[in-house]
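Below is my_file-v1.cif, which holds mmCIF, C-alpha atoms.
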data_target
loop_
_atom_site.label_atom_id
_atom_site.label_comp_id
_atom_site.auth_asym_id
_atom_site.auth_seq_id
_atom_site.Cartn_x
_atom_site.Cartn_y
_atom_site.Cartn_z
CA MET S 1 -4.65 -10.02 -22.81
CA LYS S 2 -3.92 -6.37 -23.60
CA LYS S 3 -0.53 -5.28 -22.25
CA TYR S 4 -0.44 -1.89 -20.57
CA ASP S 5 2.44 0.51 -20.85
CA LEU S 6 3.83 0.94 -17.31
CA PRO S 7 4.71 4.68 -17.45
CA LYS S 8 1.27 5.50 -18.89
CA PHE S 9 -0.48 3.37 -16.27
CA ILE S 10 1.55 5.05 -13.50
CA ALA S 11 0.67 8.50 -14.85
CA LYS S 12 -3.05 7.62 -14.81
CA CYS S 13 -2.99 6.30 -11.23
CA GLY S 14 -2.17 9.71 -9.78
CA ALA S 15 -0.60 8.26 -6.63
CA SER S 16 2.10 5.79 -5.69
CA VAL S 17 1.82 3.46 -2.74
CA VAL S 18 5.19 2.49 -1.30
CA GLY S 19 5.98 -0.36 1.06
CA SER S 20 8.83 -0.68 3.54
CA VAL S 21 9.62 -2.96 6.48
CA SER S 22 9.96 -1.54 9.99
CA GLN S 23 12.68 -2.55 12.43
CA GLU S 24 10.09 -4.72 14.21
CA GLY S 25 9.33 -6.49 10.92
CA PHE S 26 5.97 -4.94 10.14
CA PRO S 27 5.04 -3.92 6.60
CA TYR S 28 4.55 -0.14 6.37
CA ILE S 29 2.54 1.55 3.66
CA LYS S 30 2.40 5.13 2.51
CA ALA S 31 0.84 6.93 -0.41
CA MET S 32 3.22 9.28 -2.15
CA LEU S 33 3.07 11.58 -5.14
CA PRO S 34 3.60 9.87 -8.51
CA PRO S 35 7.26 9.21 -9.35
CA ARG S 36 8.95 12.27 -10.80
CA LYS S 37 10.72 10.11 -13.38
CA VAL S 38 10.22 6.58 -14.74
CA ASP S 39 13.28 5.17 -16.51
CA GLY S 40 12.66 1.55 -17.52
CA ASP S 41 12.50 -0.41 -14.26
CA THR S 42 13.76 2.52 -12.17
CA LEU S 43 11.52 5.08 -10.51
CA TYR S 44 12.56 8.35 -8.88
CA PHE S 45 10.54 10.01 -6.11
CA THR S 46 11.01 13.26 -4.25
CA THR S 47 10.58 13.06 -0.49
CA ASN S 48 11.55 14.49 2.89
CA THR S 49 14.96 13.45 4.20
CA SER S 50 13.57 13.61 7.74
CA SER S 51 10.73 11.17 7.01
CA MET S 52 10.23 7.82 8.69
CA ARG S 53 10.31 6.10 5.30
CA VAL S 54 13.79 7.43 4.53
CA ALA S 55 15.06 6.13 7.88
CA GLN S 56 13.52 2.73 7.16
CA TYR S 57 14.99 2.44 3.67
CA ARG S 58 18.44 3.41 4.95
CA ASP S 59 18.11 0.59 7.46
CA ASN S 60 16.48 -1.93 5.11
CA PRO S 61 16.28 -1.19 1.38
CA LYS S 62 13.74 -3.94 0.61
CA ALA S 63 10.76 -2.16 -0.92
CA SER S 64 7.72 -2.37 -3.11
CA VAL S 65 5.81 0.19 -5.12
CA TYR S 66 2.19 -0.38 -6.00
CA PHE S 67 -0.03 1.34 -8.52
CA PHE S 68 -3.71 0.62 -8.84
CA GLN S 69 -6.97 1.81 -10.24
CA LYS S 70 -10.14 1.06 -8.33
CA GLY S 71 -12.76 -1.01 -10.10
CA ARG S 72 -16.32 -1.96 -9.30
CA PHE S 73 -15.55 -5.64 -8.62
CA SER S 74 -11.79 -5.74 -8.56
CA ASN S 75 -8.74 -3.48 -8.66
CA ARG S 76 -6.38 -3.30 -11.63
CA GLY S 77 -2.83 -2.93 -10.45
CA VAL S 78 0.82 -3.73 -10.49
CA MET S 79 3.24 -4.33 -7.62
CA LEU S 80 6.93 -3.77 -8.30
CA VAL S 81 9.30 -5.43 -5.81
CA GLY S 82 12.90 -4.30 -5.45
CA TYR S 83 15.25 -2.00 -3.60
CA MET S 84 15.04 1.63 -2.56
CA GLU S 85 18.08 3.91 -2.34
CA VAL S 86 18.14 7.28 -0.60
CA LEU S 87 20.08 9.81 -2.69
CA THR S 88 21.10 13.19 -1.32
CA ASP S 89 23.70 14.36 -3.84
CA ASP S 90 22.99 17.67 -5.56
CA ALA S 91 23.30 16.27 -9.10
CA THR S 92 20.52 13.75 -8.53
CA LYS S 93 18.42 16.26 -6.60
CA CYS S 94 18.76 18.80 -9.45
CA SER S 95 17.90 16.22 -12.12
CA ILE S 96 14.28 15.83 -10.99
CA TRP S 97 13.68 19.20 -9.32
CA ARG S 98 10.80 21.33 -10.52
CA ALA S 99 10.27 25.03 -9.84
CA GLY S 100 7.07 24.45 -7.84
CA ASP S 101 8.84 22.15 -5.40
CA THR S 102 9.57 25.10 -3.14
CA ILE S 103 6.04 24.45 -1.82
CA TYR S 104 7.48 21.37 -0.11
CA TYR S 105 11.13 22.43 0.26
CA PRO S 106 11.31 26.17 1.00
CA GLN S 107 15.12 26.30 0.74
CA GLY S 108 15.04 25.09 -2.86
CA VAL S 109 16.94 22.28 -4.52
CA THR S 110 19.70 22.23 -1.88
CA ASP S 111 17.19 22.10 0.99
CA PRO S 112 18.65 19.42 3.30
CA ASP S 113 15.13 18.08 3.88
CA TYR S 114 14.75 17.36 0.15
CA CYS S 115 16.09 14.03 -1.10
CA VAL S 116 15.44 11.49 -3.83
CA LEU S 117 14.22 7.93 -3.45
CA LYS S 118 15.49 5.76 -6.29
CA PHE S 119 13.59 2.51 -6.64
CA THR S 120 14.97 -0.32 -8.76
CA ALA S 121 12.43 -3.02 -9.54
CA LYS S 122 13.55 -6.65 -9.67
CA ARG S 123 10.25 -8.50 -10.06
CA TYR S 124 6.63 -7.62 -10.61
CA ARG S 125 3.17 -8.98 -10.05
CA THR S 126 -0.01 -7.85 -11.75
CA PHE S 127 -3.65 -7.83 -10.77
CA CYS S 128 -6.35 -8.06 -13.46
CA CYS S 129 -4.10 -6.78 -16.26
CA ASP S 130 -0.64 -7.21 -17.73
CA PHE S 131 2.25 -4.90 -18.57
CA ASN S 132 5.00 -4.79 -21.19
CA VAL S 133 7.92 -4.65 -18.76
CA ASP S 134 11.21 -6.52 -18.96
CA LEU S 135 11.22 -8.02 -15.47
CA GLU S 136 10.58 -11.42 -13.92
CA LYS S 137 6.85 -11.83 -13.36
CA PHE S 138 5.60 -13.82 -10.38
CA MET K 1 -7.35 19.58 14.37
CA LYS K 2 -10.62 17.95 13.34
CA LYS K 3 -10.75 14.28 14.29
CA TYR K 4 -12.17 11.97 11.66
CA ASP K 5 -14.34 8.98 12.46
CA LEU K 6 -12.40 5.91 11.28
CA PRO K 7 -15.33 3.80 9.95
CA LYS K 8 -16.68 6.81 8.01
CA PHE K 9 -13.25 7.60 6.57
CA ILE K 10 -12.81 3.94 5.55
CA ALA K 11 -16.22 3.92 3.86
CA LYS K 12 -15.30 7.02 1.84
CA CYS K 13 -11.94 5.62 0.67
CA GLY K 14 -13.59 2.88 -1.37
CA ALA K 15 -10.51 0.63 -1.23
CA SER K 16 -8.22 -0.89 1.37
CA VAL K 17 -4.51 -1.30 0.84
CA VAL K 18 -3.06 -4.19 2.81
CA GLY K 19 0.58 -4.88 3.58
CA SER K 20 2.28 -8.19 4.30
CA VAL K 21 5.88 -9.42 4.46
CA SER K 22 7.12 -12.10 2.06
CA GLN K 23 9.32 -15.02 3.10
CA GLU K 24 12.28 -13.15 1.59
CA GLY K 25 11.48 -10.12 3.78
CA PHE K 26 10.01 -7.82 1.15
CA PRO K 27 6.97 -5.68 1.89
CA TYR K 28 4.04 -6.70 -0.32
CA ILE K 29 1.10 -4.44 -1.08
CA LYS K 30 -2.32 -5.17 -2.46
CA ALA K 31 -5.50 -3.19 -2.89
CA MET K 32 -8.56 -5.00 -1.62
CA LEU K 33 -12.25 -4.24 -1.35
CA PRO K 34 -13.24 -2.16 1.71
CA PRO K 35 -13.53 -4.19 4.92
CA ARG K 36 -16.88 -5.91 5.19
CA LYS K 37 -17.08 -5.04 8.88
CA VAL K 38 -15.32 -2.51 11.13
CA ASP K 39 -15.63 -3.30 14.85
CA GLY K 40 -13.55 -0.85 16.88
CA ASP K 41 -9.92 -1.66 16.08
CA THR K 42 -10.82 -4.87 14.26
CA LEU K 43 -11.49 -5.10 10.53
CA TYR K 44 -12.92 -8.06 8.62
CA PHE K 45 -12.20 -8.67 4.94
CA THR K 46 -13.43 -11.33 2.54
CA THR K 47 -10.78 -12.93 0.35
CA ASN K 48 -9.67 -16.01 -1.56
CA THR K 49 -8.24 -18.84 0.55
CA SER K 50 -5.92 -19.72 -2.34
CA SER K 51 -4.42 -16.22 -2.55
CA MET K 52 -0.75 -15.38 -2.01
CA ARG K 53 -1.73 -12.95 0.76
CA VAL K 54 -3.45 -15.70 2.79
CA ALA K 55 -0.33 -17.89 2.51
CA GLN K 56 1.83 -14.99 3.68
CA TYR K 57 -0.36 -14.12 6.66
CA ARG K 58 -0.46 -17.78 7.75
CA ASP K 59 3.33 -17.72 7.68
CA ASN K 60 3.76 -14.23 9.18
CA PRO K 61 0.76 -12.40 10.67
CA LYS K 62 2.47 -8.99 10.84
CA ALA K 63 0.32 -6.69 8.76
CA SER K 64 -0.78 -3.17 8.01
CA VAL K 65 -3.89 -1.71 6.47
CA TYR K 66 -3.82 1.69 4.85
CA PHE K 67 -6.63 3.98 3.81
CA PHE K 68 -6.08 7.20 1.92
CA GLN K 69 -7.68 9.91 -0.11
CA LYS K 70 -5.66 11.56 -2.82
CA GLY K 71 -5.13 15.28 -2.51
CA ARG K 72 -3.66 17.92 -4.79
CA PHE K 73 -0.50 18.44 -2.71
CA SER K 74 -0.62 15.62 -0.21
CA ASN K 75 -2.57 12.51 0.66
CA ARG K 76 -4.82 12.25 3.71
CA GLY K 77 -4.54 8.83 5.24
CA VAL K 78 -4.19 6.43 8.11
CA MET K 79 -2.01 3.35 8.49
CA LEU K 80 -3.11 0.75 10.99
CA VAL K 81 -0.39 -1.68 12.10
CA GLY K 82 -1.21 -5.02 13.70
CA TYR K 83 -1.86 -8.68 13.06
CA MET K 84 -3.88 -10.54 10.44
CA GLU K 85 -5.64 -13.84 11.14
CA VAL K 86 -7.01 -16.16 8.47
CA LEU K 87 -10.40 -17.53 9.53
CA THR K 88 -12.09 -20.39 7.69
CA ASP K 89 -14.78 -21.48 10.13
CA ASP K 90 -18.35 -21.38 8.83
CA ALA K 91 -19.67 -19.18 11.67
CA THR K 92 -17.24 -16.38 10.85
CA LYS K 93 -17.71 -16.84 7.11
CA CYS K 94 -21.50 -16.61 7.51
CA SER K 95 -21.29 -13.53 9.73
CA ILE K 96 -20.02 -11.26 6.95
CA TRP K 97 -21.39 -13.07 3.88
CA ARG K 98 -23.60 -11.12 1.48
CA ALA K 99 -25.90 -12.57 -1.17
CA GLY K 100 -23.94 -11.02 -4.05
CA ASP K 101 -20.71 -12.70 -2.97
CA THR K 102 -21.45 -15.65 -5.24
CA ILE K 103 -19.89 -13.45 -7.95
CA TYR K 104 -16.55 -14.17 -6.29
CA TYR K 105 -17.31 -17.51 -4.62
CA PRO K 106 -19.62 -19.57 -6.85
CA GLN K 107 -20.14 -22.32 -4.27
CA GLY K 108 -21.62 -19.88 -1.78
CA VAL K 109 -20.75 -19.30 1.85
CA THR K 110 -19.14 -22.73 2.29
CA ASP K 111 -16.96 -22.30 -0.82
CA PRO K 112 -13.53 -23.53 0.31
CA ASP K 113 -11.91 -20.66 -1.61
CA TYR K 114 -13.82 -18.11 0.51
CA CYS K 115 -12.25 -17.11 3.81
CA VAL K 116 -12.11 -14.15 6.19
CA LEU K 117 -9.13 -11.99 7.05
CA LYS K 118 -9.46 -10.57 10.57
CA PHE K 119 -7.13 -7.66 11.19
CA THR K 120 -6.51 -6.42 14.73
CA ALA K 121 -4.84 -3.01 14.90
CA LYS K 122 -2.30 -2.33 17.63
CA ARG K 123 -0.96 1.09 16.63
CA TYR K 124 -1.74 3.74 14.06
CA ARG K 125 -0.13 6.57 12.20
CA THR K 126 -1.89 9.38 10.40
CA PHE K 127 -1.03 11.58 7.45
CA CYS K 128 -2.47 15.10 7.21
CA CYS K 129 -5.41 14.39 9.51
CA ASP K 130 -6.31 12.76 12.82
CA PHE K 131 -8.76 10.10 13.97
CA ASN K 132 -10.75 9.39 17.11
CA VAL K 133 -9.44 5.87 17.68
CA ASP K 134 -8.40 4.25 20.95
CA LEU K 135 -4.95 3.02 19.91
CA GLU K 136 -1.36 4.05 20.46
CA LYS K 137 -0.43 6.70 17.91
CA PHE K 138 3.11 6.87 16.53
#
As C-alpha cells, what does this structure read like?
Amino acid sequence: MKKYDLPKFIAKCGASVVGSVSQEGFPYIKAMLPPRKVDGDTLYFTTNTSSMRVAQYRDNPKASVYFFQKGRFSNRGVMLVGYMEVLTDDATKCSIWRAGDTIYYPQGVTDPDYCVLKFTAKRYRTFCCDFNVDLEKF
Amino acid sequence: MKKYDLPKFIAKCGASVVGSVSQEGFPYIKAMLPPRKVDGDTLYFTTNTSSMRVAQYRDNPKASVYFFQKGRFSNRGVMLVGYMEVLTDDATKCSIWRAGDTIYYPQGVTDPDYCVLKFTAKRYRTFCCDFNVDLEKF
C-alpha cells in the first residue's frame, strides 16, 4: 500500500479536527485551522486562550487530532492520539506567529487571548491509507 | 442571526465526524458517512458491527457528532453531545437499509457485520452559526 507523507496529507486536508474530553467525560470535537507547524510527531496550532478547548486541555491533556479527505464510498484519514499542551510564553507564540494573525488577535503576538496548542502524538490509526510516520500504529 | 435547519445543514456537510472515548480515556474521532436518517434530535448511522467504534460505544455510550463546513477564516459547525446506542435487531436494520448497501455488507440486511448506531443528542454547541433545534445550547 502506498504510504502517504503526513505533513503533505495534513496540508491537503485544509482543516484539523481536534478531540478533547469534557469534565463530564464526553468526547468533544472541533474543527480548527490546519496546524501552523508540523515537526515530526508534534503539531502546533494557534488558538484563543479563552476558548473552551483550552480550558479542557488544561484540565485533561488527553487529545486526538484527525485529518481526513471525503471519498465517495469511504473517507481516507488518520487519527493521531496523544497529549495537548497549552503554551502561553512569548517565545513559542512568536515562533509560529504570522503577520495576518491580527485578524484573530487584534493586539498582536502578545495578545493575551492568543496562545499555542502543542500536540504530541503517541499512537496513530489510519483509515483507507497508510502513512510513513514513526509512531506505534493501532 | 440566521438559524439553520439542522437536517439541511447535515445533508450539505457530506460527512459526519463522530467522537467516542477509549478505555484509556482518550477522545477518538472518526469520519463516517452522513446519517441515514435524522429524526428530530436522533440520528441513525449504518456501520460495521466489528468496528472499534462499536466496541467503544458498547463500553461507554458517551458520544458526540460534529458537522462542519470549512471556511476561509473559520469553520461553521455544530457539535451534538449525547449518547450512542448500538442496535442489531432486524427491524431497525431494515428500517434504514438501502439496496446499494450490499457494497459494504455483502450478506445483505441480515449481514451480522451490519448494525445501526442510534445517536440521541442531549445538548448542542454551535460555531459561527445557529440552528433551530429544540435542545439545551451551551
Residue list as a VMD selection string for point (-16.9, -15.2, -2.3), cut-off 12 Å, only C-alpha atoms: (chain S and resid 73) or (chain K and resid 33 36 45 to 50 93 to 94 96 to 116)
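Those residues of chain K that fall within 6 Å of chain S when using all atoms listed in the file read Gly19, Ser20, Val21, Phe26, Pro27, Lys62 and Ala63 of chain K.
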Rounded to one decimal place, report the CA of Leu6 (chain S)-CA of Thr120 (chain S) distance in Å. 14.1 Å
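Our summary of the geometry notes that CA of Gly40 (chain S) is positioned 22.6 Å from CA of Asp90 (chain S).
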So which residues touch Lys118 (chain K) within 7 Å, counting only C-alpha atoms, skipping near sequence neighbours fewer than 5 positions away, as number ranges by chain? K: 42-45, 84-86
Save region 12-44 of chain K to disk from that block, N, CA and C atoms included, as a compact mmCIF listing (two decimals), in the first residue's frame.
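New file selection.txt:
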# COMPACT_ATOMS: atom_id res chain seq x y z
N LYS K 12 -25.80 18.95 3.66
CA LYS K 12 -24.80 19.70 2.89
C LYS K 12 -23.37 19.34 3.28
N CYS K 13 -23.17 18.92 4.55
CA CYS K 13 -21.81 18.66 5.03
C CYS K 13 -21.18 17.46 4.35
N GLY K 14 -21.99 16.47 3.99
CA GLY K 14 -21.46 15.33 3.25
C GLY K 14 -20.74 14.30 4.10
N ALA K 15 -20.34 14.65 5.31
CA ALA K 15 -19.68 13.69 6.20
C ALA K 15 -20.07 13.99 7.63
N SER K 16 -20.03 12.97 8.46
CA SER K 16 -20.26 13.12 9.89
C SER K 16 -18.93 12.84 10.58
N VAL K 17 -18.67 13.53 11.65
CA VAL K 17 -17.48 13.22 12.44
C VAL K 17 -17.98 12.80 13.81
N VAL K 18 -17.66 11.57 14.20
CA VAL K 18 -18.19 11.07 15.47
C VAL K 18 -17.06 10.95 16.50
N GLY K 19 -17.41 11.23 17.75
CA GLY K 19 -16.46 11.15 18.84
C GLY K 19 -16.85 10.08 19.84
N SER K 20 -15.85 9.38 20.36
CA SER K 20 -16.08 8.38 21.40
C SER K 20 -14.93 8.52 22.39
N VAL K 21 -15.02 7.78 23.50
CA VAL K 21 -13.94 7.82 24.49
C VAL K 21 -13.39 6.40 24.65
N SER K 22 -12.08 6.26 24.52
CA SER K 22 -11.44 4.95 24.62
C SER K 22 -11.38 4.49 26.08
N GLN K 23 -11.06 3.22 26.28
CA GLN K 23 -10.96 2.70 27.65
C GLN K 23 -9.89 3.43 28.45
N GLU K 24 -8.87 3.95 27.77
CA GLU K 24 -7.80 4.68 28.44
C GLU K 24 -8.16 6.16 28.64
N GLY K 25 -9.37 6.55 28.20
CA GLY K 25 -9.84 7.92 28.42
C GLY K 25 -9.42 8.92 27.37
N PHE K 26 -9.00 8.43 26.20
CA PHE K 26 -8.66 9.37 25.12
C PHE K 26 -9.87 9.60 24.22
N PRO K 27 -10.00 10.82 23.71
CA PRO K 27 -11.09 11.09 22.76
C PRO K 27 -10.71 10.52 21.40
N TYR K 28 -11.59 9.74 20.82
CA TYR K 28 -11.34 9.18 19.48
C TYR K 28 -12.29 9.86 18.49
N ILE K 29 -11.80 10.02 17.28
CA ILE K 29 -12.55 10.72 16.24
C ILE K 29 -12.58 9.87 15.00
N LYS K 30 -13.70 9.84 14.33
CA LYS K 30 -13.75 9.18 13.03
C LYS K 30 -14.77 9.85 12.12
N ALA K 31 -14.41 9.99 10.87
CA ALA K 31 -15.38 10.49 9.89
C ALA K 31 -16.22 9.31 9.43
N MET K 32 -17.51 9.53 9.34
CA MET K 32 -18.41 8.49 8.85
C MET K 32 -19.27 9.08 7.74
N LEU K 33 -20.00 8.20 7.08
CA LEU K 33 -20.96 8.68 6.08
C LEU K 33 -22.02 9.53 6.79
N PRO K 34 -22.75 10.36 6.05
CA PRO K 34 -23.83 11.14 6.68
C PRO K 34 -24.83 10.20 7.35
N PRO K 35 -25.56 10.67 8.36
CA PRO K 35 -26.56 9.79 8.97
C PRO K 35 -27.59 9.37 7.92
N ARG K 36 -28.02 8.14 8.03
CA ARG K 36 -29.02 7.63 7.08
C ARG K 36 -30.38 8.25 7.34
N LYS K 37 -30.62 8.61 8.60
CA LYS K 37 -31.92 9.19 8.98
C LYS K 37 -31.70 10.22 10.08
N VAL K 38 -32.39 11.35 9.97
CA VAL K 38 -32.37 12.37 11.02
C VAL K 38 -33.81 12.56 11.48
N ASP K 39 -34.07 12.27 12.75
CA ASP K 39 -35.43 12.31 13.29
C ASP K 39 -35.41 13.19 14.54
N GLY K 40 -35.61 14.49 14.33
CA GLY K 40 -35.52 15.43 15.46
C GLY K 40 -34.10 15.45 15.99
N ASP K 41 -33.95 15.09 17.27
CA ASP K 41 -32.60 15.08 17.88
C ASP K 41 -31.97 13.70 17.85
N THR K 42 -32.48 12.82 16.99
CA THR K 42 -31.96 11.46 16.91
C THR K 42 -31.42 11.19 15.51
N LEU K 43 -30.21 10.67 15.45
CA LEU K 43 -29.56 10.37 14.17
C LEU K 43 -29.29 8.87 14.09
N TYR K 44 -29.44 8.32 12.90
CA TYR K 44 -29.18 6.89 12.69
C TYR K 44 -28.09 6.73 11.65
